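K.L.:
Provided herewith is a single structure, encoded as structure tokens, for subsequent inquiry.
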Protein chains: 2
Amino acid sequence: MMTEPVNLQKTLDSFTELWSPRIVAQFNDYDVRVAKFHGEYVWHAHQDTDELFLVVAGRLVIHLRENGVERFVTLQTGDTYVVPRGMEHKPVSDAESHILMVEPTGTLTVGDTHEEIPDHVDATTGHHIG
Amino acid sequence: MMTEPVNLQKTLDSFTELWSPRIVAQFNDYDVRVAKFHGEYVWHAHQDTDELFLVVAGRLVIHLRENGVERFVTLQTGDTYVVPRGMEHKPVSDAESHILMVEPTGTLTVGDTHEEIPDHVDATTGHHIG
């Protein structure tokens, strides 16, 4: 699919939509996606896969809920974090952040189980670029 | 394993060895590794897995050999590139570069098939941090 290098920043500069990941690379049966986050996402969980986050720019708070107990982790630029499969989580960014995610191809952004999806959230398996 | 975020730059600042990846995150059965490259690596191939490269800092040239024909791709900071499974490749960095790789846990840095391994190359499945 991509036979030439794909630049993260150029890809991020090519769109403005929030919560709408672009697929920058595919390897084995996984996608590498970049997205712009700003505001609150929806609570959701991926039952069958962990999800890798890497903050390319900005700050990301990931709220986590397990057995009814909520906590959160704060990711700064350059931080990686893995949300384990089955864990309910809700990303929040006070200001626009740029996030890289790695997950199996076909993984839906809103997970398998989620709360009601508001209009500003793009329920997608990622958009191909150029 | 990592229940708190892991910062790429802090990890890179914690070691000086070249061609010696540190595991910063694990998800599903994959590792995220960061390494410092400088000089020439060895020609090698991973028969059963694609390999994702992301240049965190610096510049990386990946030489590729297929059916005896050589070519190369040049990756700048922020570039992603996937070397397909079975493809012979040889990373080269004229100056020190910082590289993130994603590959299945247990994947050997020098691949399944490789030329003779010089002393400066650490044949490893990645080192755990902290």
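Residues in the structure tokens are named by chain (A, B, ... in the order shown) and by number from 1 within that chain; ligands are numbered from 1 in the order shown.
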Got a sec: who's within 9 Å of stretch 74-76 of chain A, counting only C-alpha atoms, leaving out chain neighbours fewer than 4 positions off, as a list in words?
P.N.:
Leu54, Val55, Val56, Ala57, Gly58, Arg59, Leu60, Val61, Ile62, His63, Thr80 and Tyr81 of chain A; Glu4, Pro5, Val6 and Asn7 of chain B
K.L.:
Print the selection's residues with N, CA and C atoms to a file, as a PDB file, in the first residue's frame.
P.N.:
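The result, written out as out_10.pdb:
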ATOM      1  N   LEU A  54       0.438   6.905  21.319  1.00  0.00           N
ATOM      2  CA  LEU A  54       1.681   7.691  21.388  1.00  0.00           C
ATOM      3  C   LEU A  54       1.298   9.140  21.119  1.00  0.00           C
ATOM      4  N   VAL A  55       1.653  10.019  22.051  1.00  0.00           N
ATOM      5  CA  VAL A  55       1.319  11.438  21.875  1.00  0.00           C
ATOM      6  C   VAL A  55       2.389  12.098  21.008  1.00  0.00           C
ATOM      7  N   VAL A  56       2.005  12.476  19.793  1.00  0.00           N
ATOM      8  CA  VAL A  56       2.916  13.146  18.862  1.00  0.00           C
ATOM      9  C   VAL A  56       3.081  14.607  19.265  1.00  0.00           C
ATOM     10  N   ALA A  57       2.007  15.234  19.689  1.00  0.00           N
ATOM     11  CA  ALA A  57       2.047  16.624  20.141  1.00  0.00           C
ATOM     12  C   ALA A  57       0.874  16.875  21.066  1.00  0.00           C
ATOM     13  N   GLY A  58       1.123  17.656  22.103  1.00  0.00           N
ATOM     14  CA  GLY A  58       0.047  18.019  23.012  1.00  0.00           C
ATOM     15  C   GLY A  58      -0.001  17.133  24.233  1.00  0.00           C
ATOM     16  N   ARG A  59      -1.164  17.087  24.843  1.00  0.00           N
ATOM     17  CA  ARG A  59      -1.342  16.385  26.097  1.00  0.00           C
ATOM     18  C   ARG A  59      -2.656  15.615  26.027  1.00  0.00           C
ATOM     19  N   LEU A  60      -2.638  14.405  26.516  1.00  0.00           N
ATOM     20  CA  LEU A  60      -3.833  13.561  26.445  1.00  0.00           C
ATOM     21  C   LEU A  60      -4.102  12.960  27.813  1.00  0.00           C
ATOM     22  N   VAL A  61      -5.330  13.104  28.267  1.00  0.00           N
ATOM     23  CA  VAL A  61      -5.743  12.414  29.494  1.00  0.00           C
ATOM     24  C   VAL A  61      -6.626  11.237  29.082  1.00  0.00           C
ATOM     25  N   ILE A  62      -6.265  10.049  29.530  1.00  0.00           N
ATOM     26  CA  ILE A  62      -7.104   8.887  29.252  1.00  0.00           C
ATOM     27  C   ILE A  62      -7.771   8.465  30.560  1.00  0.00           C
ATOM     28  N   HIS A  63      -9.089   8.625  30.591  1.00  0.00           N
ATOM     29  CA  HIS A  63      -9.857   8.152  31.740  1.00  0.00           C
ATOM     30  C   HIS A  63     -10.091   6.656  31.569  1.00  0.00           C
ATOM     31  N   THR A  80       4.157   7.047  25.508  1.00  0.00           N
ATOM     32  CA  THR A  80       3.391   5.893  25.018  1.00  0.00           C
ATOM     33  C   THR A  80       2.584   5.325  26.183  1.00  0.00           C
ATOM     34  N   TYR A  81       1.467   4.721  25.842  1.00  0.00           N
ATOM     35  CA  TYR A  81       0.637   4.076  26.859  1.00  0.00           C
ATOM     36  C   TYR A  81      -0.234   3.038  26.171  1.00  0.00           C
TER      37      TYR A  81
ATOM     38  N   GLU B   4       2.158   2.800  33.752  1.00  0.00           N
ATOM     39  CA  GLU B   4       2.259   4.251  33.627  1.00  0.00           C
ATOM     40  C   GLU B   4       2.801   4.579  32.233  1.00  0.00           C
ATOM     41  N   PRO B   5       2.531   5.791  31.745  1.00  0.00           N
ATOM     42  CA  PRO B   5       3.092   6.188  30.453  1.00  0.00           C
ATOM     43  C   PRO B   5       4.613   6.101  30.456  1.00  0.00           C
ATOM     44  N   VAL B   6       5.181   5.771  29.327  1.00  0.00           N
ATOM     45  CA  VAL B   6       6.635   5.722  29.153  1.00  0.00           C
ATOM     46  C   VAL B   6       7.009   6.759  28.098  1.00  0.00           C
ATOM     47  N   ASN B   7       7.952   7.621  28.455  1.00  0.00           N
ATOM     48  CA  ASN B   7       8.344   8.694  27.540  1.00  0.00           C
ATOM     49  C   ASN B   7       9.490   8.261  26.635  1.00  0.00           C
TER      50      ASN B   7
END
K.L.:
As a list in words, please: every residue in chain B that a backbone DSSP assignment puts in alpha helix (DSSP H).
P.N.:
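In chain B, DSSP puts these residues in alpha helix (DSSP H): Leu8, Gln9, Lys10, Thr11, Leu12 and Asp13 of chain B.
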K.L.:
Sorted by chain and rising residue number, list the residues of chain A at most 12 Å from chain B (counting only C-alpha atoms), each with its closest atom pair and distance in Å to one decimal, as a Markdown table.
P.N.:
| residue | atom | partner | partner_atom | distance |
| --- | --- | --- | --- | --- |
| A:Met1 | CA | B:Val82 | CA | 9.7 |
| A:Met2 | CA | B:Tyr81 | CA | 7.7 |
| A:Thr3 | CA | B:Tyr81 | CA | 7.8 |
| A:Glu4 | CA | B:Tyr81 | CA | 6.9 |
| A:Pro5 | CA | B:Tyr81 | CA | 4.8 |
| A:Val6 | CA | B:Thr80 | CA | 5.2 |
| A:Asn7 | CA | B:Asp79 | CA | 4.1 |
| A:Leu8 | CA | B:Gly78 | CA | 5.4 |
| A:Gln9 | CA | B:Gly78 | CA | 6.7 |
| A:Lys10 | CA | B:Gly78 | CA | 9.0 |
| A:Thr11 | CA | B:Asp79 | CA | 10.1 |
| A:Leu12 | CA | B:Gly78 | CA | 11.0 |
| A:Ile23 | CA | B:Thr80 | CA | 11.0 |
| A:Val24 | CA | B:Thr80 | CA | 7.4 |
| A:Ala25 | CA | B:Thr80 | CA | 6.9 |
| A:Gln26 | CA | B:Val82 | CA | 7.3 |
| A:Phe27 | CA | B:Asp50 | CA | 5.5 |
| A:Asn28 | CA | B:Asp50 | CA | 5.7 |
| A:Asp29 | CA | B:Asp50 | CA | 9.5 |
| A:Tyr30 | CA | B:Asp50 | CA | 10.1 |
| A:Asp31 | CA | B:Leu52 | CA | 10.2 |
| A:Val32 | CA | B:Thr80 | CA | 9.1 |
| A:Arg33 | CA | B:Thr80 | CA | 10.9 |
| A:Val34 | CA | B:Thr80 | CA | 11.4 |
| A:Gln47 | CA | B:Asn28 | CA | 11.9 |
| A:Asp48 | CA | B:Asn28 | CA | 9.2 |
| A:Thr49 | CA | B:Asn28 | CA | 6.5 |
| A:Asp50 | CA | B:Phe27 | CA | 5.5 |
| A:Glu51 | CA | B:Phe27 | CA | 6.8 |
| A:Leu52 | CA | B:Phe27 | CA | 6.6 |
| A:Phe53 | CA | B:Pro5 | CA | 9.4 |
| A:Leu54 | CA | B:Asn7 | CA | 9.1 |
| A:Val55 | CA | B:Asn7 | CA | 9.4 |
| A:Val56 | CA | B:Gly78 | CA | 9.2 |
| A:Ala57 | CA | B:Gly78 | CA | 11.7 |
| A:Arg59 | CA | B:Pro5 | CA | 11.9 |
| A:Leu60 | CA | B:Pro5 | CA | 10.9 |
| A:Val61 | CA | B:Pro5 | CA | 10.9 |
| A:Ile62 | CA | B:Pro5 | CA | 10.6 |
| A:Leu64 | CA | B:Thr3 | CA | 11.8 |
| A:Phe72 | CA | B:Glu4 | CA | 10.2 |
| A:Val73 | CA | B:Glu4 | CA | 7.3 |
| A:Thr74 | CA | B:Pro5 | CA | 7.7 |
| A:Leu75 | CA | B:Pro5 | CA | 6.3 |
| A:Gln76 | CA | B:Asn7 | CA | 8.0 |
| A:Thr77 | CA | B:Asn7 | CA | 8.0 |
| A:Gly78 | CA | B:Asn7 | CA | 5.4 |
| A:Asp79 | CA | B:Asn7 | CA | 4.2 |
| A:Thr80 | CA | B:Val6 | CA | 5.3 |
| A:Tyr81 | CA | B:Pro5 | CA | 4.8 |
| A:Val82 | CA | B:Phe27 | CA | 6.4 |
| A:Val83 | CA | B:Phe27 | CA | 8.4 |
| A:Pro84 | CA | B:Phe27 | CA | 7.6 |
| A:Arg85 | CA | B:Asn28 | CA | 8.5 |
| A:Leu100 | CA | B:Leu54 | CA | 11.1 |
| A:Met101 | CA | B:Phe27 | CA | 11.3 |
| A:Val102 | CA | B:Phe27 | CA | 9.0 |
| A:Glu103 | CA | B:Phe27 | CA | 8.9 |
| A:Pro104 | CA | B:Asn28 | CA | 9.6 |
K.L.:
Write out as a list in words each polymer residue whose atoms come within 10 Å of A:His114, counting only C-alpha atoms; drop sequence neighbours fewer than 6 positions from it.
P.N.:
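After dropping sequence-adjacent residues, the list is Val42, Trp43, His44, Ala45, His46, Glu88, His89 and Lys90 of chain A.
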K.L.:
Please provide the set of residues having any atom within 6 Å of A:Thr125, restricted to only C-alpha atoms, with same-chain residues fewer than 2 positions apart removed, written as an mmCIF file with N, CA, C and O atoms, in the first residue's frame.
P.N.:
data_model
loop_
_atom_site.group_PDB
_atom_site.id
_atom_site.type_symbol
_atom_site.label_atom_id
_atom_site.label_comp_id
_atom_site.auth_asym_id
_atom_site.auth_seq_id
_atom_site.Cartn_x
_atom_site.Cartn_y
_atom_site.Cartn_z
ATOM 1 N N GLY A 106 -9.186 -2.701 10.970
ATOM 2 C CA GLY A 106 -10.616 -2.964 11.122
ATOM 3 C C GLY A 106 -11.159 -2.616 12.495
ATOM 4 O O GLY A 106 -12.377 -2.647 12.699
ATOM 5 N N THR A 107 -10.264 -2.271 13.424
ATOM 6 C CA THR A 107 -10.729 -1.888 14.768
ATOM 7 C C THR A 107 -11.508 -0.582 14.683
ATOM 8 O O THR A 107 -11.024 0.409 14.141
ATOM 9 N N LEU A 108 -12.713 -0.592 15.231
ATOM 10 C CA LEU A 108 -13.572 0.592 15.179
ATOM 11 C C LEU A 108 -13.139 1.574 16.268
ATOM 12 O O LEU A 108 -12.897 1.179 17.406
#
K.L.:
Measuring atom to atom with only C-alpha atoms, identify which of B:Pro21, B:Pro118, B:Gly39, B:Gly68 is nearest to B:Glu96.
P.N.:
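Using only C-alpha atoms, B:Glu96 sits closest to B:Gly39.
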K.L.:
Measure the distance from atom CA of A:Thr113 to atom CA of A:Ser93 in Å and round it to one decimal.
P.N.:
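Distance reported for this atom pair: 21.4 Å.
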K.L.:
Expressed in Å to a single decimal, how great is the separation between atom CA of B:Asp13 and atom CA of B:His98?
P.N.:
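Atom CA of B:Asp13 sits 10.5 Å away from atom CA of B:His98.
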K.L.:
Identify, with DSSP run on backbone atoms, the residues in stretch 30-129 of chain B assigned to strand (DSSP E), and express the list as a PyMOL selection string.
P.N.:
chain B and resi 30-40+44-45+51-57+60-66+69-75+79-83+88-104+113-114+127-128
K.L.:
For B:Leu18, find every residue with an atom within 7 Å (counting only C-alpha atoms), except residues of its own chain fewer than 3 positions away, and show them as a compact mmCIF listing (two decimals) with N, CA, C and O atoms, in the first residue's frame.
P.N.:
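Output contents, as saved in part26.txt:
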# COMPACT_ATOMS: atom_id res chain seq x y z
N ALA B 35 15.49 2.70 19.58
CA ALA B 35 16.93 2.43 19.50
C ALA B 35 17.65 3.63 18.91
O ALA B 35 17.04 4.49 18.27
N LYS B 36 18.96 3.65 19.18
CA LYS B 36 19.84 4.65 18.58
C LYS B 36 20.62 3.97 17.46
O LYS B 36 21.24 2.93 17.68
N PHE B 37 20.55 4.55 16.29
CA PHE B 37 21.28 4.03 15.13
C PHE B 37 22.40 5.03 14.77
O PHE B 37 22.17 6.23 14.80
N HIS B 38 23.55 4.50 14.41
CA HIS B 38 24.60 5.36 13.85
C HIS B 38 25.56 4.44 13.11
O HIS B 38 26.10 3.51 13.70
K.L.:
For atom CA of A:Pro91 and atom CA of A:Glu116, determine how far apart the two atoms are, in Å to one decimal place.
P.N.:
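Taking atom CA of A:Pro91 as the start and atom CA of A:Glu116 as the end point, the length is 15.3 Å.
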K.L.:
Env of A:Ala123: 9 Å cut, atoms = only C-alpha atoms, seq-sep filter 4 positions within chain, self excluded. Answer as a ChimeraX atom specification.
P.N.:
/A:19-20,108-111,117
K.L.:
Can I get the selection written as a PDB file, in the first residue's frame, with N, CA, C and O atoms?
P.N.:
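Okay, part-v2.pdb is ready:
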ATOM      1  N   TRP A  19     -11.057  13.644  16.012  1.00  0.00           N
ATOM      2  CA  TRP A  19     -11.490  12.270  16.302  1.00  0.00           C
ATOM      3  C   TRP A  19     -11.711  11.467  15.026  1.00  0.00           C
ATOM      4  O   TRP A  19     -12.618  10.645  14.957  1.00  0.00           O
ATOM      5  N   SER A  20     -10.877  11.701  14.031  1.00  0.00           N
ATOM      6  CA  SER A  20     -11.099  11.080  12.713  1.00  0.00           C
ATOM      7  C   SER A  20      -9.767  10.581  12.165  1.00  0.00           C
ATOM      8  O   SER A  20      -9.111  11.256  11.375  1.00  0.00           O
ATOM      9  N   LEU A 108     -12.713  -0.592  15.231  1.00  0.00           N
ATOM     10  CA  LEU A 108     -13.572   0.592  15.179  1.00  0.00           C
ATOM     11  C   LEU A 108     -13.139   1.574  16.268  1.00  0.00           C
ATOM     12  O   LEU A 108     -12.897   1.179  17.406  1.00  0.00           O
ATOM     13  N   THR A 109     -13.069   2.871  15.888  1.00  0.00           N
ATOM     14  CA  THR A 109     -12.624   3.894  16.841  1.00  0.00           C
ATOM     15  C   THR A 109     -13.441   3.900  18.122  1.00  0.00           C
ATOM     16  O   THR A 109     -12.903   4.213  19.195  1.00  0.00           O
ATOM     17  N   VAL A 110     -14.717   3.594  18.023  1.00  0.00           N
ATOM     18  CA  VAL A 110     -15.574   3.668  19.207  1.00  0.00           C
ATOM     19  C   VAL A 110     -15.662   2.332  19.943  1.00  0.00           C
ATOM     20  O   VAL A 110     -16.431   2.199  20.911  1.00  0.00           O
ATOM     21  N   GLY A 111     -14.882   1.366  19.498  1.00  0.00           N
ATOM     22  CA  GLY A 111     -14.838   0.084  20.198  1.00  0.00           C
ATOM     23  C   GLY A 111     -16.044  -0.788  19.895  1.00  0.00           C
ATOM     24  O   GLY A 111     -16.851  -0.495  19.005  1.00  0.00           O
ATOM     25  N   ILE A 117     -23.160   7.772  20.651  1.00  0.00           N
ATOM     26  CA  ILE A 117     -22.125   8.482  19.893  1.00  0.00           C
ATOM     27  C   ILE A 117     -22.639   9.848  19.448  1.00  0.00           C
ATOM     28  O   ILE A 117     -23.588   9.935  18.672  1.00  0.00           O
TER      29      ILE A 117
END
